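In what follows, a structure is listed as structure tokens, so that the remarks can point back to it.
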Amino acid sequence: MKVPSQWIAEQERMAKIPGFLEAGLSSLRAQLNLFGQHQIILDLLPQLKMPTLIMWGINDLVLPNNQAQNAVSRLKQGHLALIPNCGHIPQVECPELFTTELNKFLVLVNESMNLSHAEAQRLRE
């Protein structure tokens, strides 16, 4: 569970760009206040009809795993990939495992779509 030094260096470089800090703070203020998030979207998740993958680092110290499990349980076609030995930013900390899980999900969705397409063709015949 280690963030690559190149990624940290890039974050530091971007932080020096004029307006970057203000833009980041503005984004956070639009989403959060002293009491937490302005809008909780968990109750909106059942509205998503498409297959949805939630990837989560098992060792995430920012958001606990039970939040991922809660979210995926509300999705009609939710899939959860828990990335071992990984924290809050799995795409940066564990890019190989992240890519493997994403590819598995895309194969699953593609196979499901192909089955649905074949079934629809059979019904038209």
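Each chain in the structure tokens gets a letter, A, B and so on, in the order shown; residues start at 1 in every chain, and ligands are counted from 1 in the order they appear.
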Determine, counting only C-alpha atoms, which protein, DNA and RNA residues have an atom within 6 Å of an atom of segment 67-81 of chain A; residues of the same chain fewer than 4 positions away are not included. Present the result as number ranges by chain.
A: 45-46, 51-55
Given the selection you just returned, output its residues as a file containing C-alpha atoms, formatted as a PDB file, in the first residue's frame.
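Now in out_35.pdb:
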```pdb
ATOM      1  CA  LEU A  45     -28.202   4.309  -6.373  1.00  0.00           C
ATOM      2  CA  PRO A  46     -31.203   2.003  -7.021  1.00  0.00           C
ATOM      3  CA  PRO A  51     -23.943  -2.671 -14.448  1.00  0.00           C
ATOM      4  CA  THR A  52     -21.866  -0.679 -11.974  1.00  0.00           C
ATOM      5  CA  LEU A  53     -18.489  -1.564 -10.511  1.00  0.00           C
ATOM      6  CA  ILE A  54     -17.367  -0.220  -7.153  1.00  0.00           C
ATOM      7  CA  MET A  55     -13.653  -0.649  -6.500  1.00  0.00           C
TER       8      MET A  55
END
```
Which polymer residues have any atom within 9 Å of an atom of Val62 of chain A, counting only C-alpha atoms, with same-chain residues fewer than 2 positions away left out, as a PyMOL selection string?
chain A and resi 60+64+87-88
Any idea what the distance is between atom CA of Asn59 of chain A and atom CA of Leu82 of chain A?
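Computing it gives 9.4 Å between the two atoms.
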Could you go through segment 39-100 of chain A and tell me which residues DSSP, when run on the backbone, assigns to strand (DSSP E), listing them as a list in words?
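Matching residues, listed in order: Thr52, Leu53, Ile54, Met55, Trp56, Gly57, Gly78, His79, Leu80, Ala81, Leu82 and Ile83 of chain A.
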Those in chain A with helix (DSSP H, G or I) from DSSP, as a VMD selection string:
chain A and resid 5 to 15 20 to 31 42 to 47 65 to 74 90 to 93 95 to 124
Length of the atom CA of Asn85 of chain A to atom CA of Trp7 of chain A vector [Å]
18.1 Å
Mind giving me the straight-line distance from atom CA of Pro90 of chain A to atom CA of Trp56 of chain A in Å, one decimal?
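Atom CA of Trp56 of chain A lies 6.9 Å from atom CA of Pro90 of chain A.
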Given the choices A:Ser27, A:Gly57, A:Leu44, A:Glu22, which gets closest to Cys94 of chain A if the distance is worked out from only C-alpha atoms?
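The closest residue to Cys94 of chain A is A:Gly57.
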For Pro4 of chain A, the closest of A:Val92, A:Ile17, A:Ala30, A:Ile41 counting only C-alpha atoms is A:Val92
